[in-house]
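Raw contents of query-v4.csv, CSV, C-alpha atoms:
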```
chain,number,residue,atom,x,y,z
A,7,MET,CA,0.0,0.0,0.0
A,8,LYS,CA,3.0,2.3,-0.5
A,9,LEU,CA,1.4,3.9,-3.5
A,10,SER,CA,-2.0,4.6,-2.5
A,11,VAL,CA,-3.7,2.7,0.1
A,12,SER,CA,-5.1,1.7,-2.9
A,13,LEU,CA,-7.9,0.1,-1.4
A,14,ALA,CA,-9.5,3.2,-2.3
A,15,LEU,CA,-9.2,2.1,-5.7
A,16,ILE,CA,-11.3,-0.6,-5.1
A,17,LEU,CA,-14.1,1.4,-4.2
A,18,SER,CA,-13.6,3.0,-7.3
A,19,LEU,CA,-17.2,3.5,-7.8
A,20,SER,CA,-17.5,6.9,-9.1
A,21,VAL,CA,-20.2,5.4,-11.1
A,22,ALA,CA,-21.6,7.5,-13.9
A,23,ALA,CA,-21.2,10.6,-11.7
A,24,ASN,CA,-17.4,10.3,-11.4
A,25,ILE,CA,-17.3,11.5,-7.9
A,26,PHE,CA,-13.6,12.1,-7.7
A,27,SER,CA,-12.6,13.4,-11.1
A,28,GLU,CA,-15.0,15.9,-12.8
A,29,ASP,CA,-12.8,16.0,-15.9
A,30,SER,CA,-12.7,12.2,-16.4
A,31,ALA,CA,-14.8,10.3,-18.8
A,32,PRO,CA,-17.6,8.3,-17.3
A,33,PRO,CA,-17.0,4.6,-16.9
A,34,THR,CA,-18.2,1.9,-19.3
A,35,ILE,CA,-21.1,0.1,-17.6
A,36,SER,CA,-22.2,-3.3,-18.5
A,37,GLY,CA,-25.4,-4.7,-16.9
A,38,GLY,CA,-26.8,-3.8,-13.6
A,39,SER,CA,-29.9,-1.8,-12.7
A,40,THR,CA,-30.0,1.8,-11.7
A,41,SER,CA,-30.8,0.9,-8.1
A,42,GLU,CA,-27.7,-1.4,-7.9
A,43,LEU,CA,-25.5,1.4,-9.4
A,44,VAL,CA,-26.8,3.7,-6.8
A,45,ALA,CA,-26.1,1.2,-4.1
A,46,LEU,CA,-22.5,0.7,-5.4
A,47,LYS,CA,-22.1,4.5,-5.4
A,48,ALA,CA,-23.2,4.6,-1.7
A,49,ALA,CA,-20.8,1.8,-0.8
A,50,ASN,CA,-18.0,3.8,-2.4
A,51,GLN,CA,-18.9,7.0,-0.5
A,52,ALA,CA,-19.0,5.1,2.8
A,53,PHE,CA,-15.5,3.8,2.1
A,54,VAL,CA,-14.2,7.3,1.3
A,55,LYS,CA,-15.8,8.7,4.5
A,56,ALA,CA,-14.2,5.9,6.6
A,57,PHE,CA,-10.8,6.4,4.9
A,58,ASN,CA,-10.8,10.2,5.4
A,59,HIS,CA,-11.7,9.6,9.1
A,60,ARG,CA,-8.8,7.0,9.3
A,61,ASP,CA,-11.2,4.4,10.5
A,62,ALA,CA,-9.5,1.1,9.8
A,63,SER,CA,-12.2,-0.9,11.6
A,64,ALA,CA,-15.0,0.5,9.4
A,65,ILE,CA,-13.0,-0.2,6.3
A,66,ALA,CA,-12.4,-3.8,7.3
A,67,GLU,CA,-16.1,-4.4,7.8
A,68,MET,CA,-16.6,-3.4,4.2
A,69,TRP,CA,-14.7,-6.5,3.2
A,70,ASP,CA,-16.1,-10.0,2.8
A,71,GLU,CA,-14.9,-12.1,5.8
A,72,ASP,CA,-12.4,-14.2,3.7
A,73,GLY,CA,-11.8,-11.4,1.1
A,74,ASP,CA,-8.3,-10.7,-0.1
A,75,TYR,CA,-6.2,-7.8,-1.4
A,76,ILE,CA,-2.9,-7.8,-3.3
A,77,ASP,CA,-1.2,-4.4,-3.4
A,78,GLU,CA,1.1,-3.0,-6.1
A,79,THR,CA,4.2,-4.6,-4.4
A,80,GLY,CA,2.7,-8.0,-4.6
A,81,THR,CA,2.0,-8.3,-0.9
A,82,HIS,CA,-1.1,-10.5,-0.2
A,83,TYR,CA,-3.5,-9.8,2.6
A,84,VAL,CA,-6.3,-12.3,3.4
A,85,GLY,CA,-9.2,-11.7,5.7
A,86,ARG,CA,-10.6,-8.7,7.5
A,87,ASP,CA,-8.0,-8.8,10.3
A,88,ALA,CA,-5.1,-8.6,7.9
A,89,ILE,CA,-6.7,-5.8,5.9
A,90,HIS,CA,-7.6,-3.9,9.1
A,91,ASP,CA,-4.0,-4.1,10.3
A,92,GLU,CA,-2.6,-2.9,6.9
A,93,PHE,CA,-4.9,0.1,6.9
A,94,GLU,CA,-4.1,0.9,10.5
A,95,ASN,CA,-0.4,0.9,9.7
A,96,TYR,CA,-1.0,3.1,6.6
A,97,PHE,CA,-2.9,5.7,8.6
A,98,HIS,CA,0.0,6.1,11.0
A,99,SER,CA,2.3,7.0,8.1
A,100,SER,CA,0.1,8.6,5.4
A,101,CYS,CA,0.4,12.2,6.5
A,102,GLY,CA,-3.2,13.0,5.8
A,103,ARG,CA,-3.4,11.8,2.2
A,104,LYS,CA,-6.8,11.6,0.5
A,105,ILE,CA,-7.9,9.3,-2.2
A,106,LYS,CA,-8.8,10.0,-5.8
A,107,VAL,CA,-10.1,7.2,-7.9
A,108,HIS,CA,-11.7,6.7,-11.3
A,109,ALA,CA,-13.6,3.7,-12.5
A,110,ASN,CA,-13.0,3.0,-16.1
A,111,SER,CA,-15.4,0.1,-16.3
A,112,ILE,CA,-18.2,-1.5,-14.2
A,113,ARG,CA,-19.2,-5.0,-15.4
A,114,PHE,CA,-21.8,-7.2,-13.7
A,115,LEU,CA,-20.7,-10.8,-13.9
A,116,ARG,CA,-23.9,-11.8,-12.2
A,117,PRO,CA,-26.7,-9.8,-10.5
A,118,ASP,CA,-24.8,-10.2,-7.2
A,119,ILE,CA,-21.2,-9.9,-8.5
A,120,VAL,CA,-19.6,-6.9,-10.1
A,121,LEU,CA,-16.1,-6.3,-11.6
A,122,ILE,CA,-14.6,-2.8,-11.4
A,123,ASP,CA,-11.5,-1.7,-13.2
A,124,GLY,CA,-9.9,1.7,-12.9
A,125,THR,CA,-7.1,4.0,-11.8
A,126,SER,CA,-6.2,5.8,-8.6
A,127,GLU,CA,-3.9,8.3,-7.0
A,128,VAL,CA,-3.4,10.0,-3.6
A,129,ASP,CA,-3.2,13.6,-2.7
A,130,PRO,CA,-0.8,14.9,-1.7
A,131,ALA,CA,1.3,12.7,-3.9
A,132,PRO,CA,4.1,10.6,-2.3
A,133,GLU,CA,7.7,11.7,-2.8
A,134,GLY,CA,9.4,10.3,-5.9
A,135,LYS,CA,8.5,9.9,-9.5
A,136,PRO,CA,4.7,10.2,-10.2
A,137,VAL,CA,2.9,6.9,-10.7
A,138,VAL,CA,-0.6,5.9,-11.5
A,139,GLY,CA,-2.3,3.1,-9.7
A,140,ARG,CA,-4.3,0.6,-11.7
A,141,PHE,CA,-6.8,-1.8,-9.9
A,142,SER,CA,-9.2,-4.5,-10.5
A,143,ALA,CA,-11.8,-5.2,-7.8
A,144,ILE,CA,-14.7,-7.6,-7.3
A,145,ARG,CA,-17.6,-6.8,-5.1
A,146,ILE,CA,-20.3,-9.3,-4.1
A,147,LYS,CA,-23.7,-8.6,-2.7
A,148,LYS,CA,-24.4,-10.3,0.6
A,149,ASP,CA,-27.4,-9.5,2.9
A,150,GLY,CA,-28.1,-6.5,0.8
A,151,LYS,CA,-24.6,-5.1,1.0
A,152,TRP,CA,-22.0,-4.8,-1.7
A,153,LEU,CA,-18.8,-6.1,0.0
A,154,LEU,CA,-15.3,-6.1,-1.4
A,155,THR,CA,-14.0,-9.7,-1.9
A,156,SER,CA,-11.0,-9.4,-4.2
A,157,VAL,CA,-8.7,-6.5,-5.1
A,158,ARG,CA,-5.6,-6.5,-7.3
A,159,GLU,CA,-3.3,-3.5,-7.9
A,160,SER,CA,-0.4,-2.5,-10.0
A,161,ALA,CA,1.5,0.7,-10.5
A,162,GLU,CA,3.3,2.4,-13.4
A,163,GLU,CA,5.3,5.6,-13.8
A,164,VAL,CA,3.8,8.3,-15.9
A,165,PRO,CA,5.7,10.9,-18.0
A,166,SER,CA,6.4,14.1,-16.2
A,167,ASN,CA,9.0,16.8,-15.6
A,168,TYR,CA,9.5,15.6,-12.0
A,169,GLU,CA,13.3,14.9,-12.5
A,170,HIS,CA,13.8,18.5,-13.6
A,171,LEU,CA,11.8,19.9,-10.7
A,172,LYS,CA,13.0,17.5,-8.1
A,173,PRO,CA,15.7,20.0,-6.8
A,174,LEU,CA,12.8,22.3,-5.8
A,175,GLU,CA,11.0,19.6,-3.8
A,176,TRP,CA,12.1,21.3,-0.6
A,177,MET,CA,9.5,24.0,-1.2
A,178,ILE,CA,6.5,21.6,-0.9
A,179,GLY,CA,4.6,22.6,2.2
A,180,GLU,CA,3.6,25.8,4.0
A,181,TRP,CA,5.9,28.7,4.9
A,182,VAL,CA,5.7,32.0,6.6
A,183,ASP,CA,8.0,35.0,7.2
A,184,ARG,CA,6.9,37.5,9.8
A,185,GLU,CA,7.9,41.1,10.5
A,186,ASP,CA,6.5,43.5,13.2
A,187,SER,CA,3.3,44.4,11.4
A,188,SER,CA,3.3,42.1,8.3
A,189,SER,CA,3.5,38.5,7.3
A,190,ILE,CA,3.7,36.5,4.1
A,191,TYR,CA,2.3,33.0,3.9
A,192,THR,CA,3.2,30.7,1.1
A,193,SER,CA,2.1,27.1,0.3
A,194,ALA,CA,3.3,24.7,-2.4
A,195,VAL,CA,1.9,21.4,-3.7
A,196,TRP,CA,2.7,19.2,-6.7
A,197,SER,CA,0.3,19.3,-9.6
A,198,LYS,CA,-1.1,16.1,-11.0
A,199,ASN,CA,1.7,14.0,-12.6
A,200,LYS,CA,4.2,16.4,-11.0
A,201,ASN,CA,4.7,18.5,-14.1
A,202,PHE,CA,4.4,21.7,-12.0
A,203,ILE,CA,4.8,23.0,-8.5
A,204,LEU,CA,1.7,25.1,-7.6
A,205,ARG,CA,2.3,27.9,-5.1
A,206,LYS,CA,-0.1,30.3,-3.4
A,207,PHE,CA,0.8,33.4,-1.4
A,208,LYS,CA,-0.8,36.1,0.6
A,209,VAL,CA,0.6,39.3,2.2
A,210,ASN,CA,-1.0,40.3,5.5
A,211,LEU,CA,-0.4,43.8,6.7
A,212,LYS,CA,-1.7,44.8,10.1
A,213,GLY,CA,-4.3,42.0,10.0
A,214,ARG,CA,-5.5,42.7,6.5
A,215,ILE,CA,-4.6,40.8,3.3
A,216,VAL,CA,-3.3,43.4,0.9
A,217,LEU,CA,-2.0,41.1,-1.9
A,218,SER,CA,-2.3,37.5,-2.8
A,219,GLY,CA,-1.7,35.4,-5.9
A,220,THR,CA,-0.5,32.1,-7.4
A,221,GLN,CA,2.6,30.8,-9.0
A,222,ARG,CA,3.2,27.9,-11.3
A,223,VAL,CA,6.8,26.5,-11.4
A,224,GLY,CA,7.6,24.2,-14.4
A,225,TRP,CA,10.3,23.3,-16.9
A,226,ASP,CA,11.1,25.2,-20.1
A,227,PRO,CA,12.1,22.5,-22.6
A,228,ILE,CA,13.5,25.1,-25.1
A,229,ARG,CA,15.8,26.9,-22.6
A,230,LYS,CA,16.2,23.7,-20.6
A,231,GLN,CA,15.7,25.7,-17.4
A,232,ILE,CA,13.2,25.9,-14.5
A,233,LYS,CA,10.7,28.7,-15.1
A,234,SER,CA,7.9,30.2,-13.0
A,235,TRP,CA,4.8,32.2,-13.9
A,236,THR,CA,3.3,34.4,-11.2
A,237,PHE,CA,-0.2,36.1,-11.2
A,238,ASP,CA,-1.3,38.5,-8.4
A,239,THR,CA,-4.6,40.0,-7.4
A,240,ASP,CA,-3.6,43.5,-8.4
A,241,GLY,CA,-3.5,42.3,-12.0
A,242,GLY,CA,0.3,41.9,-12.3
A,243,VAL,CA,2.0,39.0,-14.1
A,244,ALA,CA,5.6,37.9,-14.1
A,245,GLU,CA,7.9,35.2,-15.4
A,246,GLY,CA,11.1,34.0,-13.7
A,247,TYR,CA,14.0,31.8,-14.7
A,248,TRP,CA,15.6,29.8,-11.9
A,249,SER,CA,19.3,28.9,-11.7
A,250,ARG,CA,21.2,27.1,-8.9
A,251,HIS,CA,24.3,28.4,-7.3
A,252,GLY,CA,25.7,25.9,-4.9
A,253,SER,CA,22.9,25.4,-2.3
A,254,ASN,CA,21.1,28.7,-3.3
A,255,TRP,CA,18.6,29.5,-6.0
A,256,VAL,CA,18.6,32.8,-8.0
A,257,VAL,CA,15.4,33.8,-9.8
A,258,GLN,CA,15.6,36.5,-12.6
A,259,LYS,CA,12.2,37.9,-12.6
A,260,VAL,CA,10.5,40.0,-15.3
A,261,GLY,CA,7.0,41.2,-15.0
A,262,VAL,CA,4.4,43.8,-15.9
A,263,LEU,CA,2.0,45.6,-13.6
A,264,GLN,CA,-1.7,46.0,-14.3
A,265,ASP,CA,-1.2,49.4,-15.9
A,266,GLY,CA,1.5,48.2,-18.2
A,267,THR,CA,4.5,49.3,-16.2
A,268,ARG,CA,7.4,46.8,-16.6
A,269,ALA,CA,9.2,45.5,-13.5
A,270,THR,CA,12.3,43.4,-12.9
A,271,ALA,CA,14.1,42.0,-9.9
A,272,THR,CA,16.6,39.4,-8.8
A,273,ASN,CA,15.3,37.2,-6.0
A,274,THR,CA,17.6,34.8,-4.1
A,275,TYR,CA,16.8,31.8,-1.8
A,276,ILE,CA,19.7,31.2,0.6
A,277,PHE,CA,19.9,27.9,2.3
A,278,ASN,CA,21.6,26.4,5.3
A,279,GLU,CA,22.2,22.7,4.3
A,280,ASN,CA,21.8,21.7,7.9
A,281,ASP,CA,18.3,23.2,8.2
A,282,GLU,CA,15.5,22.0,5.9
A,283,ASP,CA,12.8,24.0,7.6
A,284,SER,CA,14.0,27.5,7.0
A,285,PHE,CA,15.8,29.7,4.4
A,286,LEU,CA,16.7,33.3,3.8
A,287,TRP,CA,15.2,35.3,1.0
A,288,LYS,CA,16.2,38.7,-0.5
A,289,SER,CA,15.3,40.8,-3.5
A,290,GLU,CA,17.8,43.0,-5.4
A,291,ASN,CA,18.1,45.0,-8.6
A,292,ARG,CA,14.4,46.0,-8.2
A,293,ILE,CA,13.3,48.3,-11.1
A,294,VAL,CA,9.7,49.5,-11.7
A,295,GLY,CA,9.4,51.5,-14.8
A,296,ASN,CA,12.5,53.7,-14.7
A,297,ILE,CA,12.7,53.8,-10.9
A,298,HIS,CA,15.2,51.8,-9.0
A,299,GLU,CA,13.4,50.6,-5.8
A,300,PRO,CA,15.3,49.8,-2.6
A,301,ASP,CA,16.5,46.3,-2.2
A,302,ILE,CA,14.7,44.0,0.2
A,303,ASP,CA,17.2,42.8,2.8
A,304,GLN,CA,17.4,39.1,3.9
A,305,VAL,CA,14.3,37.8,5.7
A,306,LYS,CA,14.0,34.5,7.3
A,307,VAL,CA,11.2,32.1,6.1
A,308,VAL,CA,10.3,29.1,8.2
A,309,ARG,CA,8.3,26.0,7.5
A,310,LEU,CA,4.9,25.7,9.2
A,311,PRO,CA,4.3,22.3,10.9
A,312,PRO,CA,1.7,20.1,9.1
A,313,ALA,CA,-1.9,20.6,10.3
A,314,LEU,CA,-3.2,17.7,12.4
A,315,ASP,CA,-6.1,15.9,10.7
A,316,SER,CA,-9.3,16.1,12.6
A,317,LYS,CA,-11.6,13.1,12.9
```
Write out the structure in this file as structure tokens.
Amino acid sequence: MKLSVSLALILSLSVAANIFSEDSAPPTISGGSTSELVALKAANQAFVKAFNHRDASAIAEMWDEDGDYIDETGTHYVGRDAIHDEFENYFHSSCGRKIKVHANSIRFLRPDIVLIDGTSEVDPAPEGKPVVGRFSAIRIKKDGKWLLTSVRESAEEVPSNYEHLKPLEWMIGEWVDREDSSSIYTSAVWSKNKNFILRKFKVNLKGRIVLSGTQRVGWDPIRKQIKSWTFDTDGGVAEGYWSRHGSNWVVQKVGVLQDGTRATATNTYIFNENDEDSFLWKSENRIVGNIHEPDIDQVKVVRLPPALDSK
């Protein structure tokens, strides 16, 4: 269950509604009445609710007593107790990951047996190269309930720019730098397939948010260099090219304000190799229009601890 607790996959009943992925195509459905599809959808939602509440006992009860599960590593779990223990272990190390699954096909083998095939992923994504989980699950109907009885999983790498962006993996998470009357909050997550790092920021001055925005960090295949695109709520946009200098990163930034005024700056991220939870940031050579703005001296930015999941 290293990839995804994949069990989620199993439940993969987004049915025609595609609960988890609005931009995915609906699954192919073969056989089954509308009422049974609705029941399968409810079973899936119950699993997701139990998973998000980290309730291994509730999840195990959704399995047939002698059901089994083979994860993407080939590990075989047989029976509710073994499945319960595996989920319990996963919840202790999953860091609040949520499930995303998509059913590609739903095929009724008999009125009381259904085969579900699909794909899955978790959010936030695990470290390392992006992978997609593929699963095949069988549910059987017993005493009016659709129980999981057999689940098989596999995993495969998907094309992405992860290897190019991996040196910036340190920025994933939430950060803050605080001054006497102001603070800047920044968060960063991987996009799907890890082709981009998605950042959000907001500037708080005396208890009021005066500026916010988003940034997308990706790979420029023509220049073969990391590039960022920034958009702020004042209507400004900017592009930046990132280069590494030892343990530090220098970003040459060029932008335009909402009124058309051009702006440039050189931003530097300064790291202490013995401290992964903070860095120094400064901005120099700041020019807005024809005016040279004062440099911004080094400020310390610290990582915020992960929020505790609430049950």
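Restricting the calculation to all atoms listed in the file, the smallest distance between Gly266 (chain A) and any of A:Pro300, A:Pro312, A:Gly80, A:Gly241 is found for A:Gly241.
Among A:Ala88, A:Ala48, A:Leu171, A:Ile65, the residue with the shortest atom-to-atom distance to Lys151 (chain A), counting only C-alpha atoms, is A:Ala48.
Interatomic distance, CA of Gly252 (chain A) against CA of Glu290 (chain A): 18.8 Å.
The residue that comes closest to Glu133 (chain A), out of A:Val223, A:Leu286, A:Leu121, A:Ile178 and on the basis of all atoms listed in the file, is A:Ile178.
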Which of these residues is nearest to Ser99 (chain A), using all atoms listed in the file: A:Phe202, A:Val195, A:Arg113, A:Arg60?
-> A:Arg60
